[in-house]
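Chemist: Please read through the structure below; I'll follow up with questions.
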Amino acid sequence: MEDTFSNLVTYGYIGLFIYSLGGGFVGLVAAGVLSFMGKMDLATSIAIAFAGNAVGDILLFWLTRYQKSMMMEGLRKHRRKLALSHMLMKKHGDWVIFIQKFIYGLKTVVPIAIALTKYDFKKFAILNVFAAAIWALAFGLSSFYFGAALKSFAIYISENKWLAPVILSVIGGSVWLYLEKATKKKVKK
């Protein structure tokens with residue numbers, strides 16, 4: 001067990017950065033709990049998750065804007081999510097850049113959808129950096145301060161192994177149902 005913690009301290013920050021490029025919510029929560037346990041440094045974890053998250057979205061925006069043909073091939077299945085992102089952008093404006101950090105399933109699609117418009121790259125980058133900072137502080141600090149409860153929950157889940165797939169199925173199903181409902185074509189009467 002001590003080897004596992006040693007590896008987390010050694011490679012955990014690298015893994016957190018890489019995982020944060022594509023979202024990183026679970027990685028940041030895990031780093032917050034490990035910081036609570038004294039195995040990682042909270043400030044370093046928050047800074048690394050912030051940097052990874054900010055760079056990841058800026059990279060998605062840049063790739064979509066300047067390598068559109070390469071990106072569009074992989075997005076054919078996600079046309080409805082892109083349309084939902086466009087609708088959210090029209091309805092909520094710049095706030096979507098902040099909101100998307102906290103909504104699983106839209107986190108990677110929103111920067112892509114924004115990049116397909118004529119939205120200014122510099123403005124996106126600046127707002128994205130602020131949004132990533134708020135995201136990292138919110139999840140990093142909350143997971144640290146609720147570390148005892150999250151640790152107890154993890155121990156309970158490890159003792160009741162059947163519960164993890166049920167929880168993941170409920171969360172995954174809820175996200176899927178929301179995205180299906182939000183992106184469903186509406187029949188006009």
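Ordering of the structure tokens sets the chain letters (A, B, ...), residue numbers begin anew at 1 in every chain, and ligands are numbered from 1 in the order given.
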For A:Lys101, find every residue with an atom within 12 Å (counting only C-alpha atoms), except residues of its own chain fewer than 3 positions away, and show them as a VMD selection string.

Modeler: chain A and resid 20 to 25 50 53 to 54 56 to 57 95 to 98 104 to 111 127 to 136 138 to 139

Chemist: Convert the current residue selection to file output with N, CA and C atoms, as a compact mmCIF listing (two decimals), in the first residue's frame.

Modeler:
```
# COMPACT_ATOMS: atom_id res chain seq x y z
N SER A 20 -6.45 16.15 -16.59
CA SER A 20 -7.13 17.44 -16.59
C SER A 20 -7.22 18.06 -17.98
N LEU A 21 -6.39 17.61 -18.91
CA LEU A 21 -6.49 18.10 -20.29
C LEU A 21 -7.87 17.82 -20.87
N GLY A 22 -8.48 16.72 -20.47
CA GLY A 22 -9.79 16.34 -21.00
C GLY A 22 -10.93 16.54 -20.02
N GLY A 23 -10.72 17.21 -18.95
CA GLY A 23 -11.77 17.42 -17.96
C GLY A 23 -11.18 17.41 -16.57
N GLY A 24 -10.90 16.24 -16.06
CA GLY A 24 -10.17 16.10 -14.83
C GLY A 24 -10.94 16.21 -13.54
N PHE A 25 -12.26 16.20 -13.58
CA PHE A 25 -13.06 16.33 -12.38
C PHE A 25 -12.71 15.25 -11.35
N PHE A 50 -5.64 23.09 -12.79
CA PHE A 50 -6.00 24.34 -13.46
C PHE A 50 -5.26 24.47 -14.79
N ASN A 53 -6.49 21.82 -17.36
CA ASN A 53 -7.83 22.11 -17.84
C ASN A 53 -7.84 23.29 -18.79
N ALA A 54 -7.12 24.35 -18.43
CA ALA A 54 -7.07 25.54 -19.29
C ALA A 54 -6.40 25.21 -20.62
N GLY A 56 -6.08 22.27 -22.04
CA GLY A 56 -6.88 21.31 -22.80
C GLY A 56 -7.97 21.97 -23.62
N ASP A 57 -8.70 22.91 -23.01
CA ASP A 57 -9.78 23.59 -23.74
C ASP A 57 -9.23 24.53 -24.81
N TRP A 95 -21.16 33.13 -20.61
CA TRP A 95 -21.30 32.32 -19.41
C TRP A 95 -21.17 30.83 -19.70
N VAL A 96 -21.41 30.43 -20.93
CA VAL A 96 -21.29 29.01 -21.29
C VAL A 96 -19.87 28.51 -21.07
N ILE A 97 -18.90 29.37 -21.27
CA ILE A 97 -17.50 28.97 -21.06
C ILE A 97 -17.28 28.62 -19.59
N PHE A 98 -17.94 29.31 -18.68
CA PHE A 98 -17.84 29.00 -17.26
C PHE A 98 -18.69 27.78 -16.89
N TYR A 104 -20.71 17.59 -16.95
CA TYR A 104 -20.09 16.43 -17.57
C TYR A 104 -20.82 16.12 -18.87
N GLY A 105 -20.09 15.83 -19.91
CA GLY A 105 -20.69 15.51 -21.20
C GLY A 105 -20.64 16.67 -22.18
N LEU A 106 -20.56 17.88 -21.67
CA LEU A 106 -20.47 19.05 -22.55
C LEU A 106 -19.10 19.71 -22.49
N LYS A 107 -18.28 19.29 -21.55
CA LYS A 107 -17.00 19.94 -21.31
C LYS A 107 -16.11 19.99 -22.54
N THR A 108 -16.06 18.92 -23.31
CA THR A 108 -15.20 18.92 -24.50
C THR A 108 -15.92 19.43 -25.74
N VAL A 109 -17.23 19.36 -25.74
CA VAL A 109 -17.97 19.75 -26.93
C VAL A 109 -18.10 21.27 -27.05
N VAL A 110 -18.24 21.97 -25.93
CA VAL A 110 -18.45 23.41 -25.97
C VAL A 110 -17.28 24.17 -26.59
N PRO A 111 -16.01 23.91 -26.21
CA PRO A 111 -14.92 24.63 -26.88
C PRO A 111 -14.88 24.36 -28.39
N LEU A 127 -11.27 34.08 -20.98
CA LEU A 127 -12.41 33.59 -20.21
C LEU A 127 -12.20 32.15 -19.75
N ASN A 128 -11.59 31.35 -20.61
CA ASN A 128 -11.33 29.95 -20.27
C ASN A 128 -10.35 29.84 -19.10
N VAL A 129 -9.34 30.67 -19.07
CA VAL A 129 -8.37 30.65 -17.96
C VAL A 129 -9.08 31.00 -16.65
N PHE A 130 -9.94 32.03 -16.67
CA PHE A 130 -10.70 32.37 -15.45
C PHE A 130 -11.64 31.23 -15.04
N ALA A 131 -12.31 30.63 -16.03
CA ALA A 131 -13.22 29.53 -15.73
C ALA A 131 -12.47 28.32 -15.17
N ALA A 132 -11.30 28.03 -15.73
CA ALA A 132 -10.51 26.90 -15.23
C ALA A 132 -10.04 27.16 -13.80
N ALA A 133 -9.71 28.41 -13.48
CA ALA A 133 -9.29 28.74 -12.12
C ALA A 133 -10.43 28.54 -11.14
N ILE A 134 -11.62 29.00 -11.50
CA ILE A 134 -12.79 28.82 -10.62
C ILE A 134 -13.10 27.34 -10.46
N TRP A 135 -13.06 26.59 -11.55
CA TRP A 135 -13.31 25.14 -11.52
C TRP A 135 -12.32 24.44 -10.62
N ALA A 136 -11.03 24.73 -10.79
CA ALA A 136 -10.00 24.05 -10.00
C ALA A 136 -10.12 24.39 -8.51
N ALA A 138 -12.87 25.42 -6.93
CA ALA A 138 -14.13 24.87 -6.40
C ALA A 138 -14.00 23.39 -6.08
N PHE A 139 -13.53 22.60 -7.04
CA PHE A 139 -13.45 21.16 -6.81
C PHE A 139 -12.27 20.76 -5.93
```

Chemist: Using only C-alpha atoms, which residues sit within 8 Å of A:Leu42 once same-chain residues fewer than 6 positions away are excluded, as a list in words?

Modeler: Ala31, Gly32, Ser35, Phe36, Gly140, Leu141 and Phe144 of chain A

Chemist: Rounded to one decimal in Å, what is the spacing between atom CA of A:Met89 and atom CA of A:Ser143?

Modeler: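 Separation of atom CA of A:Met89 and atom CA of A:Ser143: 29.5 Å.
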
Chemist: Quote the spacing between atom CA of A:His92 and atom CA of A:Leu177 in Å to one decimal place.

Modeler: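 Distance reported for this atom pair: 22.1 Å.
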
Chemist: Name the residues of stretch 25-164 of chain A that come out as helix (DSSP H, G or I) in a backbone DSSP run; write them as number ranges by chain.

Modeler: A: 25-36, 42-66, 68-74, 76-92, 95-102, 109-115, 121-145, 147-159, 163-164

Chemist: Fewer than 6 positions away in the same chain doesn't count, so skip those; otherwise give me all residues within 7 Å of A:Phe17, counting only C-alpha atoms, as a list in words.

Modeler: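 The neighbour list is Ile48, Ala49 and Gly52 of chain A.
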
Chemist: Save out the residues we just selected, C-alpha atoms, as a CSV table (one decimal), in the first residue's frame.

Modeler:
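Listing of selection04.csv after writing:
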```
chain,number,residue,atom,x,y,z
A,48,ILE,CA,-1.7,21.5,-12.0
A,49,ALA,CA,-5.4,20.7,-12.6
A,52,GLY,CA,-4.2,21.1,-17.6
```

Chemist: Between A:Leu60, A:Gln67, A:Gly147, A:Leu137, which is the closest to A:Gly38 once you count only C-alpha atoms?

Modeler: A:Gly147

Chemist: For a test of reading the model, state the distance in Å between atom CA of A:Gly27 and atom CA of A:Ser174, rounded to one decimal.

Modeler: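 According to the coordinates, atom CA of A:Gly27 and atom CA of A:Ser174 are separated by 20.9 Å.
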
Chemist: Go through A:Ile99, A:Glu180, A:Phe121, A:Lys90 one by one, measure the shortest atom-to-atom distance of each to A:Leu59 using only C-alpha atoms, and give the residue with the smallest value.

Modeler: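 Using only C-alpha atoms, A:Leu59 sits closest to A:Phe121.
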